[in-house]
file input_25.tsv (TSV, C-alpha atoms (C1' of nucleotides))
chain	number	residue	atom	x	y	z
A	1	MET	CA	44.64	138.91	67.70
A	2	PRO	CA	47.93	137.42	66.73
A	3	GLU	CA	47.71	133.83	65.56
A	4	LEU	CA	50.38	131.91	63.70
A	5	PRO	CA	50.52	134.06	60.52
A	6	GLU	CA	50.85	137.30	62.47
A	7	VAL	CA	53.49	135.85	64.78
A	8	GLU	CA	55.45	134.51	61.81
A	9	THR	CA	55.33	137.95	60.24
A	10	VAL	CA	56.82	139.37	63.42
A	11	ARG	CA	59.46	136.64	63.46
A	12	GLU	CA	60.57	137.57	59.97
A	13	GLY	CA	60.78	141.22	60.90
A	14	LEU	CA	62.85	140.49	63.96
A	15	GLU	CA	65.13	138.23	61.98
A	16	ARG	CA	65.82	141.09	59.64
A	17	HIS	CA	66.23	143.89	62.14
A	18	VAL	CA	67.25	142.44	65.50
A	19	VAL	CA	69.40	139.37	64.92
A	20	GLY	CA	73.08	140.19	65.33
A	21	ARG	CA	72.44	143.13	67.58
A	22	THR	CA	73.58	143.45	71.18
A	23	VAL	CA	71.43	144.63	74.09
A	24	GLU	CA	72.79	147.91	75.45
A	25	SER	CA	70.08	148.53	78.00
A	26	VAL	CA	66.63	147.37	79.05
A	27	THR	CA	63.85	149.41	80.61
A	28	VAL	CA	60.82	147.65	82.04
A	29	LEU	CA	58.04	150.21	82.15
A	30	HIS	CA	55.40	147.83	83.55
A	31	PRO	CA	56.15	144.73	85.62
A	32	ARG	CA	53.28	142.60	84.37
A	33	PRO	CA	54.70	141.59	80.98
A	34	VAL	CA	57.78	140.11	82.68
A	35	ARG	CA	55.79	138.39	85.44
A	36	ARG	CA	56.92	134.95	84.29
A	37	ASP	CA	60.54	135.84	84.83
A	38	LEU	CA	61.48	134.98	88.40
A	39	ARG	CA	64.41	137.42	88.31
A	40	GLY	CA	61.95	140.28	88.50
A	41	PRO	CA	62.01	143.35	86.23
A	42	ALA	CA	65.48	144.53	87.30
A	43	GLY	CA	67.02	141.07	87.12
A	44	PHE	CA	65.41	140.50	83.74
A	45	GLY	CA	67.04	143.60	82.33
A	46	ALA	CA	70.40	142.93	83.95
A	47	ALA	CA	70.53	139.37	82.61
A	48	LEU	CA	69.93	140.56	79.05
A	49	THR	CA	72.28	143.51	79.02
A	50	GLY	CA	75.38	142.77	76.98
A	51	ARG	CA	73.83	139.71	75.33
A	52	ARG	CA	73.56	139.32	71.58
A	53	PHE	CA	70.57	137.93	69.67
A	54	ILE	CA	71.67	135.16	67.35
A	55	ALA	CA	68.37	133.97	65.83
A	56	VAL	CA	64.57	134.18	66.04
A	57	ARG	CA	62.52	131.01	66.30
A	58	ARG	CA	58.83	130.29	66.53
A	59	ARG	CA	56.56	127.46	67.56
A	60	GLY	CA	52.87	128.14	67.20
A	61	LYS	CA	52.29	131.56	68.71
A	62	TYR	CA	55.46	131.58	70.80
A	63	LEU	CA	58.62	133.36	69.70
A	64	TRP	CA	62.08	133.03	71.16
A	65	LEU	CA	65.39	134.68	70.44
A	66	PRO	CA	68.41	132.51	71.28
A	67	LEU	CA	71.18	134.53	72.90
A	68	ASP	CA	74.96	134.17	72.64
A	69	SER	CA	74.83	132.81	76.19
A	70	GLY	CA	72.78	129.73	75.28
A	71	ASP	CA	69.71	131.17	76.99
A	72	ALA	CA	66.85	132.73	75.08
A	73	LEU	CA	64.43	135.62	75.30
A	74	LEU	CA	61.00	133.98	75.16
A	75	GLY	CA	57.91	135.93	74.17
A	76	HIS	CA	54.21	135.60	73.60
A	77	LEU	CA	52.06	138.40	72.19
A	78	GLY	CA	48.90	137.33	73.96
A	79	MET	CA	45.86	139.18	72.68
A	80	SER	CA	47.20	142.60	71.95
A	81	GLY	CA	50.99	142.42	72.05
A	82	GLN	CA	53.29	143.94	69.45
A	83	LEU	CA	57.02	143.88	68.96
A	84	VAL	CA	58.13	146.94	67.08
A	85	VAL	CA	61.54	148.16	66.02
A	86	GLN	CA	61.91	151.93	66.14
A	87	PRO	CA	64.65	154.51	65.85
A	88	PRO	CA	65.74	155.77	69.28
A	89	GLY	CA	63.91	158.91	70.25
A	90	SER	CA	60.69	158.16	68.39
A	91	PRO	CA	57.71	158.88	70.62
A	92	ASP	CA	56.78	156.13	73.05
A	93	GLU	CA	53.76	154.09	72.10
A	94	ARG	CA	50.76	154.49	74.38
A	95	HIS	CA	51.13	150.99	75.79
A	96	LEU	CA	54.89	150.63	75.67
A	97	ARG	CA	55.86	148.09	78.35
A	98	VAL	CA	59.50	147.13	77.73
A	99	ARG	CA	62.23	148.96	75.82
A	100	PHE	CA	65.46	147.36	74.60
A	101	VAL	CA	68.16	149.62	73.21
A	102	LEU	CA	70.19	147.60	70.71
A	103	SER	CA	73.57	148.36	69.20
A	104	ARG	CA	75.20	146.72	66.25
A	105	SER	CA	78.62	145.13	66.52
A	106	VAL	CA	81.36	146.01	64.03
A	107	GLU	CA	81.66	142.48	62.64
A	108	ASP	CA	77.91	142.13	62.28
A	109	ARG	CA	77.71	145.48	60.54
A	110	ALA	CA	80.12	144.28	57.89
A	111	GLN	CA	78.32	140.97	57.53
A	112	ARG	CA	74.86	142.34	57.09
A	113	ALA	CA	75.54	145.68	55.46
A	114	SER	CA	74.02	144.60	52.18
A	115	ARG	CA	70.80	143.40	53.76
A	116	ASP	CA	70.06	146.15	56.18
A	117	HIS	CA	70.96	149.75	55.74
A	118	VAL	CA	70.27	150.75	59.34
A	119	HIS	CA	73.63	150.96	61.08
A	120	GLY	CA	72.94	152.97	64.19
A	121	PRO	CA	71.24	151.85	67.37
A	122	VAL	CA	67.59	150.86	67.27
A	123	GLU	CA	65.01	150.12	69.90
A	124	LEU	CA	63.07	146.92	70.18
A	125	ARG	CA	59.82	147.68	71.95
A	126	PHE	CA	57.25	145.41	73.51
A	127	VAL	CA	53.91	147.17	73.30
A	128	ASP	CA	50.83	145.52	74.81
A	129	GLN	CA	47.57	147.15	75.77
A	130	ARG	CA	46.01	144.26	77.69
A	131	MET	CA	49.18	142.54	78.89
A	132	PHE	CA	48.09	138.96	78.37
A	133	GLY	CA	51.39	138.57	76.59
A	134	GLY	CA	54.80	138.56	78.13
A	135	LEU	CA	58.56	138.19	77.95
A	136	SER	CA	60.92	136.07	80.01
A	137	ILE	CA	64.39	134.66	79.86
A	138	SER	CA	64.48	130.93	79.27
A	139	ASP	CA	67.57	129.40	80.89
A	140	GLY	CA	69.22	127.12	78.37
A	141	GLY	CA	66.26	127.60	76.06
A	142	ALA	CA	68.09	128.41	72.84
A	143	GLU	CA	67.05	125.20	71.08
A	144	LEU	CA	63.55	124.88	72.56
A	145	PRO	CA	62.58	126.65	75.77
A	146	PRO	CA	61.51	124.04	78.35
A	147	GLU	CA	58.62	126.36	79.27
A	148	ILE	CA	56.99	125.58	75.92
A	149	ALA	CA	58.02	121.97	75.51
A	150	HIS	CA	54.38	120.98	76.03
A	151	ILE	CA	53.26	123.01	73.00
A	152	ALA	CA	52.72	120.87	69.92
A	153	ARG	CA	54.51	121.56	66.67
A	154	ASP	CA	52.59	123.84	64.34
A	155	PRO	CA	51.34	122.73	60.91
A	156	PHE	CA	54.12	124.64	59.12
A	157	ASP	CA	56.81	122.77	61.03
A	158	PRO	CA	58.40	120.23	58.66
A	159	ALA	CA	58.36	117.74	61.54
A	160	PHE	CA	54.63	118.18	62.18
A	161	ASP	CA	53.24	114.64	62.33
A	162	GLU	CA	49.91	114.59	60.53
A	163	ASP	CA	49.11	110.96	61.34
A	164	LEU	CA	49.81	111.60	64.99
A	165	PHE	CA	47.48	114.60	64.96
A	166	VAL	CA	44.69	112.68	63.24
A	167	GLY	CA	45.06	109.82	65.69
A	168	ARG	CA	44.99	112.04	68.73
A	169	VAL	CA	41.96	114.00	67.54
A	170	ARG	CA	40.05	110.78	66.90
A	171	ARG	CA	40.68	109.59	70.43
A	172	ARG	CA	39.13	112.69	71.95
A	173	THR	CA	35.48	113.33	72.68
A	174	ALA	CA	35.71	117.12	72.70
A	175	GLY	CA	34.40	119.11	69.74
A	176	ILE	CA	36.76	119.66	66.81
A	177	LYS	CA	36.94	123.42	67.37
A	178	ARG	CA	38.08	122.96	70.94
A	179	LEU	CA	40.67	120.46	69.69
A	180	LEU	CA	41.94	122.88	67.03
A	181	LEU	CA	42.47	125.43	69.79
A	182	ASP	CA	44.28	122.92	72.02
A	183	GLN	CA	47.90	123.98	71.67
A	184	THR	CA	49.13	120.60	72.87
A	185	LEU	CA	47.56	118.93	69.81
A	186	ILE	CA	48.38	121.54	67.18
A	187	SER	CA	49.78	124.99	67.83
A	188	GLY	CA	49.26	128.31	66.13
A	189	VAL	CA	45.52	128.08	65.46
A	190	GLY	CA	43.37	130.66	67.24
A	191	ASN	CA	39.70	131.54	67.23
A	192	ILE	CA	39.64	133.26	63.86
A	193	TYR	CA	41.48	130.65	61.81
A	194	ALA	CA	39.71	127.81	63.61
A	195	ASP	CA	36.37	129.20	62.44
A	196	GLU	CA	37.71	129.77	58.93
A	197	ALA	CA	39.19	126.27	58.67
A	198	LEU	CA	35.91	124.73	59.84
A	199	TRP	CA	33.90	126.80	57.37
A	200	ARG	CA	36.17	125.75	54.53
A	201	ALA	CA	36.03	122.12	55.62
A	202	GLU	CA	32.23	122.34	56.03
A	203	LEU	CA	32.38	120.97	59.54
A	204	HIS	CA	30.61	122.22	62.64
A	205	GLY	CA	32.95	122.95	65.54
A	206	GLU	CA	30.93	120.81	67.94
A	207	ARG	CA	31.52	117.62	65.96
A	208	SER	CA	33.34	115.31	68.37
A	209	GLY	CA	36.84	114.29	67.46
A	210	ASP	CA	36.05	110.62	67.93
A	211	ARG	CA	33.12	110.79	65.51
A	212	LEU	CA	35.10	112.21	62.63
A	213	ARG	CA	36.49	110.14	59.78
A	214	PRO	CA	40.24	110.41	59.21
A	215	ILE	CA	39.63	112.18	55.93
A	216	GLN	CA	37.55	114.84	57.66
A	217	VAL	CA	40.31	115.55	60.17
A	218	ARG	CA	42.82	115.73	57.31
A	219	ARG	CA	40.54	118.09	55.47
A	220	VAL	CA	40.19	120.56	58.31
A	221	LEU	CA	43.94	120.42	58.89
A	222	ALA	CA	44.58	121.14	55.22
A	223	GLU	CA	42.14	124.06	55.35
A	224	ALA	CA	43.78	125.45	58.49
A	225	ARG	CA	47.10	125.34	56.69
A	226	ALA	CA	45.66	126.95	53.58
A	227	VAL	CA	43.92	129.81	55.33
A	228	MET	CA	46.93	130.56	57.52
A	229	ARG	CA	49.23	130.40	54.50
A	230	ALA	CA	47.05	132.93	52.69
A	231	ALA	CA	47.06	135.23	55.70
A	232	LEU	CA	50.81	134.90	55.98
A	233	VAL	CA	51.30	135.91	52.35
A	234	GLN	CA	49.16	139.01	52.85
A	235	GLY	CA	50.60	139.88	56.25
A	236	GLY	CA	54.11	139.53	54.98
A	237	THR	CA	53.49	142.17	52.36
A	238	SER	CA	51.77	144.65	54.63
A	239	PHE	CA	54.94	146.01	56.20
A	240	ASP	CA	58.50	146.61	55.23
A	241	ALA	CA	61.22	148.88	56.59
A	242	LEU	CA	61.62	149.06	60.32
A	243	TYR	CA	58.13	148.80	61.58
A	244	VAL	CA	57.18	145.31	62.63
A	245	ASN	CA	53.44	145.23	63.05
A	246	VAL	CA	51.22	142.68	64.66
A	247	ASN	CA	47.71	143.97	64.65
A	248	GLY	CA	47.74	146.07	61.52
A	249	GLU	CA	47.70	143.36	58.96
A	250	SER	CA	44.66	141.51	60.22
A	251	GLY	CA	42.68	144.35	58.67
A	252	TYR	CA	44.03	143.38	55.29
A	253	PHE	CA	42.94	139.81	55.76
A	254	ASP	CA	39.46	140.71	56.97
A	255	ARG	CA	38.30	140.82	53.39
A	256	SER	CA	39.22	137.18	52.92
A	257	LEU	CA	37.27	135.86	55.89
A	258	HIS	CA	34.21	133.74	55.19
A	259	ALA	CA	32.90	133.06	58.68
A	260	TYR	CA	34.63	134.97	61.46
A	261	GLY	CA	32.92	138.25	62.33
A	262	ARG	CA	30.24	137.80	59.64
A	263	GLU	CA	27.16	137.30	61.78
A	264	SER	CA	23.93	137.65	59.73
A	265	LEU	CA	25.86	138.15	56.48
A	266	PRO	CA	25.18	135.63	53.71
A	267	CYS	CA	27.42	132.59	53.54
A	268	ASP	CA	29.76	132.93	50.56
A	269	ARG	CA	28.87	129.38	49.48
A	270	CYS	CA	25.14	129.09	49.98
A	271	GLY	CA	23.79	132.49	51.02
A	272	THR	CA	22.42	131.34	54.37
A	273	PRO	CA	23.04	133.94	57.08
A	274	ILE	CA	26.11	133.18	59.17
A	275	ARG	CA	25.31	132.39	62.78
A	276	ARG	CA	27.18	133.52	65.87
A	277	VAL	CA	27.13	131.46	69.04
A	278	GLU	CA	28.88	131.74	72.40
A	279	PHE	CA	31.63	129.22	72.84
A	280	MET	CA	34.30	129.03	75.52
A	281	ASN	CA	33.42	132.58	76.59
A	282	ARG	CA	34.03	133.87	73.10
A	283	SER	CA	32.33	133.80	69.73
A	284	SER	CA	32.05	131.15	67.07
A	285	PHE	CA	30.81	131.88	63.58
A	286	PHE	CA	29.51	129.23	61.19
A	287	CYS	CA	27.10	128.59	58.36
A	288	PRO	CA	24.16	126.60	59.73
A	289	ARG	CA	23.56	125.01	56.32
A	290	CYS	CA	27.11	124.15	55.19
A	291	GLN	CA	28.16	123.27	58.74
A	292	PRO	CA	25.16	121.59	60.31
A	293	VAL	CA	25.10	121.18	64.05
A	294	PRO	CA	25.86	117.53	64.86
A	295	ARG	CA	22.66	115.51	64.98
A	296	VAL	CA	23.68	113.60	68.08
A	297	ARG	CA	24.17	116.17	70.77
A	298	ARG	CA	27.33	115.77	72.77
A	299	VAL	CA	26.26	115.64	76.38
A	300	PRO	CA	28.75	116.28	79.14
A	301	PRO	CA	28.98	113.34	81.54
A	302	ARG	CA	26.76	113.77	84.61
A	303	ASP	CA	28.11	113.11	88.12
B	1	DA	C1'	43.92	111.71	81.22
B	2	DT	C1'	40.36	114.61	79.79
B	3	DC	C1'	36.89	118.10	79.95
B	4	DG	C1'	35.11	122.64	80.50
B	5	DC	C1'	35.04	126.81	82.91
B	6	DG	C1'	36.66	131.21	85.16
B	7	DA	C1'	40.43	134.46	85.82
B	8	DC	C1'	43.60	137.47	84.03
B	9	DC	C1'	43.78	142.39	81.57
B	10	DT	C1'	42.51	147.24	79.11
B	11	DG	C1'	40.00	150.38	76.45
B	12	DG	C1'	36.84	151.12	72.57
B	13	DT	C1'	32.03	150.77	71.77
B	14	DT	C1'	27.26	150.55	73.02
B	15	DG	C1'	23.20	151.64	75.56
B	16	DC	C1'	20.67	154.12	78.91
C	1	DT	C1'	27.17	164.41	78.71
C	2	DG	C1'	28.28	160.82	81.82
C	3	DC	C1'	28.70	156.42	83.26
C	4	DA	C1'	28.31	151.47	83.40
C	5	DA	C1'	28.01	147.28	80.94
C	6	DC	C1'	29.72	144.75	77.35
C	7	DC	C1'	33.12	142.73	74.24
C	8	DA	C1'	37.59	141.21	72.21
C	9	DG	C1'	40.32	136.11	73.21
C	10	DG	C1'	45.27	133.21	74.40
C	11	DT	C1'	46.68	130.72	78.13
C	12	DC	C1'	46.80	128.95	82.72
C	13	DG	C1'	45.01	126.74	86.65
C	14	DC	C1'	41.41	124.51	88.86
C	15	DG	C1'	37.61	121.27	90.11
C	16	DA	C1'	35.10	117.48	88.47
call {"tool": "encode", "arguments": {"input": "input_25.tsv", "output": "structure tokens"}}
result
Amino acid sequence: MPELPEVETVREGLERHVVGRTVESVTVLHPRPVRRDLRGPAGFGAALTGRRFIAVRRRGKYLWLPLDSGDALLGHLGMSGQLVVQPPGSPDERHLRVRFVLSRSVEDRAQRASRDHVHGPVELRFVDQRMFGGLSISDGGAELPPEIAHIARDPFDPAFDEDLFVGRVRRRTAGIKRLLLDQTLISGVGNIYADEALWRAELHGERSGDRLRPIQVRRVLAEARAVMRAALVQGGTSFDALYVNVNGESGYFDRSLHAYGRESLPCDRCGTPIRRVEFMNRSSFFCPRCQPVPRVRRVPPRD
DNA sequence: ATCGCGACCTGGTTGC
DNA sequence: TGCAACCAGGTCGCGA
């Protein structure tokens, strides 16, 4: 379940191993992951062949790789996506969907020789069991793909506007968890870190945005930052070399979770069993004592 | 504009 | 042992 920390870990890996390389060939093994690209699988591959990756950027859970053409390769990992860098010839992953064979230019080889000892071709592979994720080419999207212009800045973006976020949350009637998951308000937060941030802030996810004090919104934002920062530090150390993992490192971080996935286990603060409830067709975990359900029930408007 | 829900996907796990 | 139901959840699109 890649959220911001996992995606940032992938970004760093790609920056190290893919930037500067040129696309020699592209093989789309399943059409679904490139469904958003109107060129179709063949056109997608043709448009990328011969292009060079010049950077890797991220906003929230989206990644994009600006190309030497001014366009960009835009990607989202969805629920189960991975981007891995492998030596050519290594066995295909079970759910390999797209393969990019990358070469390294002579000038780039000289430039980066001290940072990266892999000189031969490598493969960038998009692996995705459930295929909620995808790749597409964003025309002119090097700076910021227009497809994701509606996504808010994430809390690690230096230009993230905290006052703006607080103001927008406090004008909304939806529960704070739903608002944390709204990528147009704040990006990068998913179900796991939303629950963790709320546990740390001692707020129930159903508390309406417009009934929260500014300091409470600031608190949950600070906790979201803190928990994602901690995950990022751990995730960043869980791989090196060529293998850029997405799912693997969440296992490391499991041990640091206080709410998510801990149904019936004692709250680490007060010992009360953690509760699990259905929410938005998924699960929410919270401590019923530290995070009391709001007294005034939010009722959806009738008629 | 905002809210809240269902659809999209696959495969590992659970229960009968 | 076999099979079906359930569960994981990010994002989009829709109706209200």
call {"tool": "closest_atom_pairs", "arguments": {"input": "input_25.tsv", "of": "chain B", "to": "chain A", "cutoff": "8 Å", "atoms": "only C-alpha atoms (C1' of nucleotides)", "output": "Markdown table"}}
result
| residue | atom | partner | partner_atom | distance |
| --- | --- | --- | --- | --- |
| B:DC3 | C1' | A:Ala174 | CA | 7.4 |
| B:DC5 | C1' | A:Met280 | CA | 7.8 |
| B:DC8 | C1' | A:Phe132 | CA | 7.4 |
| B:DC9 | C1' | A:Arg130 | CA | 4.9 |
| B:DT10 | C1' | A:Arg130 | CA | 4.8 |
call {"tool": "residues_around", "arguments": {"input": "input_25.tsv", "residues": "segment 152-155 of chain A", "least_positions_apart": "6", "cutoff": "10 Å", "atoms": "all atoms listed in the file", "output": "VMD selection string"}}
result
chain A and resid 4 58 to 61 161 to 162 165 182 to 189 221 to 222 224 to 225 228
call {"tool": "atom_distance", "arguments": {"input": "input_25.tsv", "atom1": "atom CA of Arg178 of chain A", "atom2": "atom CA of Leu198 of chain A"}}
result
11.4 Å
call {"tool": "residues_around", "arguments": {"input": "input_25.tsv", "residues": "Gly175 of chain A", "least_positions_apart": "4", "cutoff": "10 Å", "atoms": "only C-alpha atoms (C1' of nucleotides)", "output": "PyMOL selection string"}}
result
chain A and resi 169+179-180+204-212+294+298
call {"tool": "closest_residue", "arguments": {"input": "input_25.tsv", "among": "A:Asp163, A:Glu278, A:Glu143, A:Asp37", "to": "chain C", "atoms": "all atoms listed in the file"}}
result
A:Glu278
call {"tool": "interface_residues", "arguments": {"input": "input_25.tsv", "of": "chain A", "to": "chain C", "cutoff": "8 Å", "atoms": "all atoms listed in the file", "output": "NGL selection string"}}
result
:A and (1 or 78-79 or 132 or 190-191 or 282)
call {"tool": "axis_aligned_box", "arguments": {"input": "input_25.tsv", "around": "segment 1-15 of chain C", "padding_each_side": "4 Å", "output": "lines of an AutoDock Vina configuration file"}}
result
center_x = 37.0
center_y = 142.8
center_z = 81.2
size_x = 27.6
size_y = 51.1
size_z = 25.9
call {"tool": "atom_distance", "arguments": {"input": "input_25.tsv", "atom1": "atom CA of Gly70 of chain A", "atom2": "atom CA of Gly141 of chain A"}}
result
6.9 Å
call {"tool": "residues_near_point", "arguments": {"input": "input_25.tsv", "point": "(30.2, 133.4, 62.9)", "cutoff": "9 Å", "atoms": "all atoms listed in the file", "output": "PDB file with C-alpha atoms, keeping the file's coordinate frame"}}
result
ATOM      1  CA  ASP A 195      36.370 129.200  62.440  1.00  0.00           C
ATOM      2  CA  HIS A 258      34.210 133.740  55.190  1.00  0.00           C
ATOM      3  CA  ALA A 259      32.900 133.060  58.680  1.00  0.00           C
ATOM      4  CA  TYR A 260      34.630 134.970  61.460  1.00  0.00           C
ATOM      5  CA  GLY A 261      32.920 138.250  62.330  1.00  0.00           C
ATOM      6  CA  ARG A 262      30.240 137.800  59.640  1.00  0.00           C
ATOM      7  CA  GLU A 263      27.160 137.300  61.780  1.00  0.00           C
ATOM      8  CA  SER A 264      23.930 137.650  59.730  1.00  0.00           C
ATOM      9  CA  ILE A 274      26.110 133.180  59.170  1.00  0.00           C
ATOM     10  CA  ARG A 275      25.310 132.390  62.780  1.00  0.00           C
ATOM     11  CA  ARG A 276      27.180 133.520  65.870  1.00  0.00           C
ATOM     12  CA  VAL A 277      27.130 131.460  69.040  1.00  0.00           C
ATOM     13  CA  SER A 283      32.330 133.800  69.730  1.00  0.00           C
ATOM     14  CA  SER A 284      32.050 131.150  67.070  1.00  0.00           C
ATOM     15  CA  PHE A 285      30.810 131.880  63.580  1.00  0.00           C
ATOM     16  CA  PHE A 286      29.510 129.230  61.190  1.00  0.00           C
ATOM     17  CA  CYS A 287      27.100 128.590  58.360  1.00  0.00           C
TER      18      CYS A 287
END
call {"tool": "atom_distance", "arguments": {"input": "input_25.tsv", "atom1": "atom CA of Pro87 of chain A", "atom2": "atom CA of Gly43 of chain A"}}
result
25.3 Å
